[in-house]
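> Provided herewith: data17.txt, compact mmCIF, C-alpha atoms and all ligand atoms.
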# COMPACT_ATOMS: atom_id res chain seq x y z
CA MET A 152 -0.13 3.50 21.17
CA PRO A 153 -0.93 0.13 19.48
CA PRO A 154 2.04 -1.30 17.54
CA LEU A 155 0.40 -0.84 14.13
CA SER A 156 -0.45 2.80 14.89
CA GLN A 157 3.12 3.32 16.06
CA LEU A 158 4.40 1.83 12.80
CA HIS A 159 2.11 4.15 10.81
CA GLN A 160 3.41 7.06 12.84
CA ASP A 161 7.03 6.09 12.23
CA ILE A 162 6.42 5.80 8.48
CA ASP A 163 4.63 9.16 8.46
CA ASP A 164 7.58 10.72 10.28
CA HIS A 165 9.97 9.32 7.69
CA VAL A 166 7.73 10.56 4.89
CA GLN A 167 7.63 14.05 6.40
CA TYR A 168 11.41 14.01 6.76
CA ILE A 169 11.84 13.19 3.07
CA ARG A 170 9.20 15.65 1.95
CA GLN A 171 10.65 18.62 3.79
CA ASP A 172 13.58 18.66 1.38
CA GLN A 173 11.64 17.37 -1.62
CA PRO A 174 8.63 19.63 -2.21
CA ASP A 175 8.06 18.06 -5.64
CA TRP A 176 7.84 14.53 -4.26
CA LEU A 177 5.20 12.89 -6.42
CA CYS A 178 3.98 10.22 -4.02
CA THR A 179 0.59 11.30 -2.74
CA LYS A 180 -3.08 10.40 -2.78
CA GLY A 181 -4.30 10.23 -6.36
CA CYS A 182 -0.99 8.99 -7.77
CA ASP A 183 -2.12 5.49 -8.54
CA THR A 184 0.53 3.96 -10.81
CA CYS A 185 1.67 1.57 -8.10
CA CYS A 186 -1.95 0.58 -7.31
CA ARG A 187 -2.30 -0.44 -10.97
CA GLN A 188 0.97 -2.36 -11.15
CA LEU A 189 1.04 -4.63 -8.12
CA ALA A 190 3.49 -7.49 -8.40
CA ASP A 191 1.21 -9.61 -6.22
CA LEU A 192 -2.03 -9.37 -4.30
CA PRO A 193 -1.59 -7.14 -1.26
CA GLN A 194 -0.41 -9.10 1.79
CA LEU A 195 -1.79 -7.99 5.13
CA SER A 196 -1.18 -8.92 8.73
CA ALA A 197 -4.22 -9.57 10.92
CA ALA A 198 -3.91 -6.11 12.48
CA GLU A 199 -3.83 -4.46 9.04
CA TRP A 200 -6.87 -6.46 7.92
CA PHE A 201 -8.78 -5.45 11.06
CA LEU A 202 -8.08 -1.81 10.23
CA LEU A 203 -8.88 -2.19 6.54
CA ARG A 204 -12.23 -3.80 7.38
CA GLN A 205 -13.18 -0.65 9.27
CA GLY A 206 -12.46 1.42 6.17
CA LEU A 207 -14.44 -0.95 3.98
CA ALA A 208 -17.38 -0.96 6.40
CA ALA A 209 -17.60 2.83 6.13
CA LEU A 210 -18.15 2.68 2.35
CA PRO A 211 -21.64 2.69 0.84
CA CYS A 212 -23.09 -0.84 0.61
CA GLU A 213 -23.02 -0.82 -3.19
CA HIS A 214 -19.35 0.07 -3.20
CA GLN A 215 -18.57 -2.66 -0.68
CA HIS A 216 -20.48 -5.15 -2.80
CA SER A 217 -18.61 -4.11 -5.94
CA ILE A 218 -15.24 -4.53 -4.20
CA ARG A 219 -16.21 -7.95 -2.85
CA ASN A 220 -17.20 -9.07 -6.34
CA LYS A 221 -13.90 -7.87 -7.77
CA VAL A 222 -11.90 -9.66 -5.10
CA ALA A 223 -13.93 -12.86 -5.47
CA ALA A 224 -13.33 -12.84 -9.23
CA LEU A 225 -9.55 -12.80 -8.78
CA PRO A 226 -7.69 -16.08 -9.14
CA ASP A 227 -5.65 -17.08 -6.08
CA GLN A 228 -2.46 -16.17 -7.91
CA PRO A 229 -3.36 -13.64 -10.59
CA PRO A 230 -0.77 -12.83 -13.23
CA SER A 231 1.09 -9.59 -12.58
CA PRO A 232 0.85 -6.71 -12.92
CA ILE A 233 -2.35 -6.60 -10.89
CA THR A 234 -4.64 -3.63 -10.43
CA CYS A 235 -5.65 -3.48 -6.79
CA PRO A 236 -9.31 -4.53 -6.58
CA LEU A 237 -9.92 -1.72 -4.07
CA LEU A 238 -8.76 1.05 -6.40
CA ASP A 239 -11.35 3.40 -7.87
CA THR A 240 -10.02 3.16 -11.40
CA THR A 241 -12.10 6.15 -12.55
CA THR A 242 -10.68 8.68 -10.10
CA GLY A 243 -7.41 6.92 -9.26
CA ALA A 244 -8.25 7.25 -5.56
CA CYS A 245 -7.92 4.64 -2.88
CA PRO A 246 -11.34 4.39 -1.17
CA VAL A 247 -9.74 3.20 2.07
CA TYR A 248 -6.76 5.55 2.08
CA ALA A 249 -6.77 6.18 5.83
CA HIS A 250 -7.07 2.45 6.47
CA ARG A 251 -4.72 1.20 3.76
CA PRO A 252 -2.09 -1.49 4.39
CA VAL A 253 1.43 -0.63 5.45
CA ALA A 254 2.87 -1.63 2.07
CA CYS A 255 0.77 1.10 0.44
CA ARG A 256 2.08 3.68 2.92
CA SER A 257 5.72 2.74 2.48
CA TYR A 258 6.04 1.81 -1.20
CA GLY A 259 7.39 5.13 -2.42
CA PHE A 260 9.70 5.69 0.52
CA TYR A 261 11.10 2.30 1.45
CA VAL A 262 12.86 -0.17 -0.76
CA GLN A 263 13.48 -3.88 -0.98
CA ARG A 264 15.94 -3.98 -3.83
CA ASP A 265 16.41 -7.75 -3.72
CA LYS A 266 12.67 -8.18 -4.37
CA GLY A 267 12.50 -5.34 -6.87
CA LEU A 268 10.00 -3.57 -4.64
CA TYR A 269 10.33 0.15 -5.14
CA CYS A 270 8.61 2.77 -7.22
CA GLU A 271 10.05 3.03 -10.74
CA ASP A 272 8.74 6.59 -11.12
CA ILE A 273 10.63 7.76 -8.06
CA LYS A 274 13.71 5.72 -8.91
CA LEU A 275 13.86 7.43 -12.32
CA ARG A 276 13.75 10.86 -10.68
CA VAL A 277 16.40 9.91 -8.17
CA THR A 278 18.57 8.65 -11.00
CA ASP A 279 18.13 11.76 -13.15
CA GLY A 280 18.89 13.99 -10.17
CA SER A 281 15.52 15.75 -9.93
CA LEU A 282 14.92 14.09 -6.55
CA ALA A 283 18.39 14.38 -5.14
CA ASN A 284 19.51 13.24 -1.72
CA VAL A 285 16.65 10.82 -1.20
CA VAL A 286 17.28 8.47 1.68
CA TRP A 287 15.20 5.36 1.24
CA GLY A 288 13.89 3.56 4.28
CA ASN A 289 14.67 -0.11 4.79
CA HIS A 290 11.57 -2.21 4.23
CA ASP A 291 13.03 -5.29 5.91
CA ALA A 292 12.78 -3.46 9.24
CA ILE A 293 9.10 -2.75 8.58
CA ASP A 294 8.47 -6.41 7.74
CA GLN A 295 10.03 -7.46 11.04
CA ARG A 296 7.59 -5.24 12.91
CA LEU A 297 4.63 -6.45 10.86
CA ALA A 298 5.55 -10.05 11.65
CA THR A 299 4.40 -9.38 15.22
CA GLN A 300 0.94 -8.29 14.03
CA GLY A 301 -0.72 -11.68 13.57
CA ASP A 302 -1.07 -13.98 10.57
CA THR A 303 -0.20 -12.58 7.17
CA ARG A 304 -2.57 -13.49 4.33
CA SER A 305 -3.38 -12.13 0.90
CA LEU A 306 -6.21 -9.64 0.54
CA LYS A 307 -8.27 -12.31 -1.21
CA ALA A 308 -7.67 -14.83 1.59
CA TRP A 309 -8.77 -12.28 4.20
CA PHE A 310 -11.96 -11.55 2.27
CA GLU A 311 -12.67 -15.28 2.13
CA THR A 312 -12.56 -15.50 5.92
CA GLU A 313 -15.67 -13.28 5.91
CA ASP A 314 -17.71 -15.57 3.62
S1 LIG B 401 4.89 4.85 -4.96
FE1 LIG B 401 5.20 5.81 -6.97
S2 LIG B 401 3.35 5.36 -8.16
FE2 LIG B 401 2.91 4.97 -5.97
S3 LIG B 401 1.99 6.87 -5.17
FE3 LIG B 401 4.23 6.97 -4.82
S4 LIG B 401 5.03 8.01 -6.62
FE4 LIG B 401 3.01 7.34 -7.14
S1 LIG B 402 -5.27 -0.55 -0.89
FE1 LIG B 402 -5.47 1.50 -1.76
S2 LIG B 402 -3.39 2.37 -1.76
FE2 LIG B 402 -3.20 0.15 -1.50
S3 LIG B 402 -2.89 -0.69 -3.57
FE3 LIG B 402 -5.09 -0.77 -3.11
S4 LIG B 402 -5.95 1.14 -3.93
FE4 LIG B 402 -3.71 1.40 -3.78
Would you write the structure of this file as structure tokens?


Amino acid sequence: MPPLSQLHQDIDDHVQYIRQDQPDWLCTKGCDTCCRQLADLPQLSAAEWFLLRQGLAALPCEHQHSIRNKVAALPDQPPSPITCPLLDTTTGACPVYAHRPVACRSYGFYVQRDKGLYCEDIKLRVTDGSLANVVWGNHDAIDQRLATQGDTRSLKAWFETED
């Protein structure tokens, strides 16, 4: 299995492990709070960008064009919080969900406390006890595996390589 697919699989396994004891876990497709409150533009390794491009290419041309325009209109370092330019803000759905970056797969289940990267909604529920016994994954370990997957660039920078 390619390393990125293996990483996806490992994250999915961890997610399933958490979910089996937490049927009310709120992190699922259609919950878009994190997509609307990005601290920075999504950062992707080359392997993640290659996968994301496949998801983008499967969208209707008009939709692809609209996304490209939104990305192009972003400053290189937009002020946070940032709404992901890929998000369908009407439905709250990610149009490239199956091809989304690793950070989007791990955000609700892995934590980088020193960078403040974790979901506030989930943290609140862990704190109030309604999501007890949650074992967060360690995002630093994921980053180490992503570092082997080619250059890392922002979503905007990857789009610009296609111009
Ligand atoms: S990380 Fe938080 S905001 Fe994002 S999908 Fe999961 S629960 Fe929803
Ligand atoms: S790529 Fe999809 S899941 Fe990730 S932040 Fe953007 S809309 Fe959300």

> Please compute the atom CA of Trp176 of chain A-atom CA of Phe260 of chain A distance, one decimal, in Å.

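Rounded to one decimal, the two atoms are 10.2 Å apart.
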
> Do you know which residues are at most 12 Å from Ala249 of chain A counting all atoms listed in the file, after dropping those on the same chain fewer than 5 positions away, and could you put them as a list in words?

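Close residues of Ala249 of chain A: Ser156, His159, Lys180, Glu199, Leu202, Leu203, Arg204, Gln205, Gly206, Leu207, Ala209, Ala244, Cys255 and Arg256 of chain A.
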
> Select the residues contacting ligand LIG 401 (chain B) at a distance of at most 8 Å, based on only C-alpha atoms and all ligand atoms, then format the selection as a list of chain:residue names.

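If we count only C-alpha atoms and all ligand atoms, the neighbours of ligand LIG 401 (chain B) turn out to be A:Trp176, A:Leu177, A:Cys178, A:Thr179, A:Lys180, A:Gly181, A:Cys182, A:Asp183, A:Thr184, A:Cys185, A:Cys186, A:Cys255, A:Ser257, A:Tyr258, A:Gly259, A:Phe260, A:Tyr269, A:Cys270, A:Glu271, A:Asp272, A:Ile273.
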
> Of the residues A:Pro193, A:Ile218, A:Phe310, A:Trp200, which is the one nearest to Ser231 of chain A, using all atoms listed in the file?

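Of A:Pro193, A:Ile218, A:Phe310, A:Trp200, the one nearest Ser231 of chain A is A:Pro193, counting all atoms listed in the file.
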
> Between atom CA of His250 of chain A and atom CA of Leu155 of chain A, what is the spacing in Å?

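Computed distance, atom CA of Leu155 of chain A to atom CA of His250 of chain A, equals 11.2 Å.
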
> Of the candidates A:Ile162, A:Leu237, A:Ala190, A:Met152, which shows the shortest atom-to-atom distance to ligand LIG 402 (chain B), using only C-alpha atoms and all ligand atoms?

A:Leu237

> Kindly give the distance, in Å, that separates atom CA of Gln194 of chain A and atom CA of Lys274 of chain A, rounded to a single decimal.

23.1 Å

> Could you work out an axis-aligned box for ligand LIG 402 (chain B), taking every atom the file lists and adding 8 Å on each side, and report centre and edge lengths in Å to one decimal, as lines of an AutoDock Vina configuration file?


center_x = -4.4
center_y = 0.8
center_z = -2.4
size_x = 19.1
size_y = 19.1
size_z = 19.0

> Would you kindly return, as a ChimeraX atom specification, each protein, DNA or RNA residue with an atom no farther than 12 Å from any atom of Leu225 of chain A, considering all atoms listed in the file and excluding same-chain residues fewer than 3 positions away?

/A:191-192,218-222,228-231,233-236,305-308,310-311

> Closest to Leu189 of chain A among A:Leu275, A:Leu238, A:Ile293, A:Val166, using only C-alpha atoms?

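Residue with the minimum atom-to-atom distance to Leu189 of chain A: A:Leu238.
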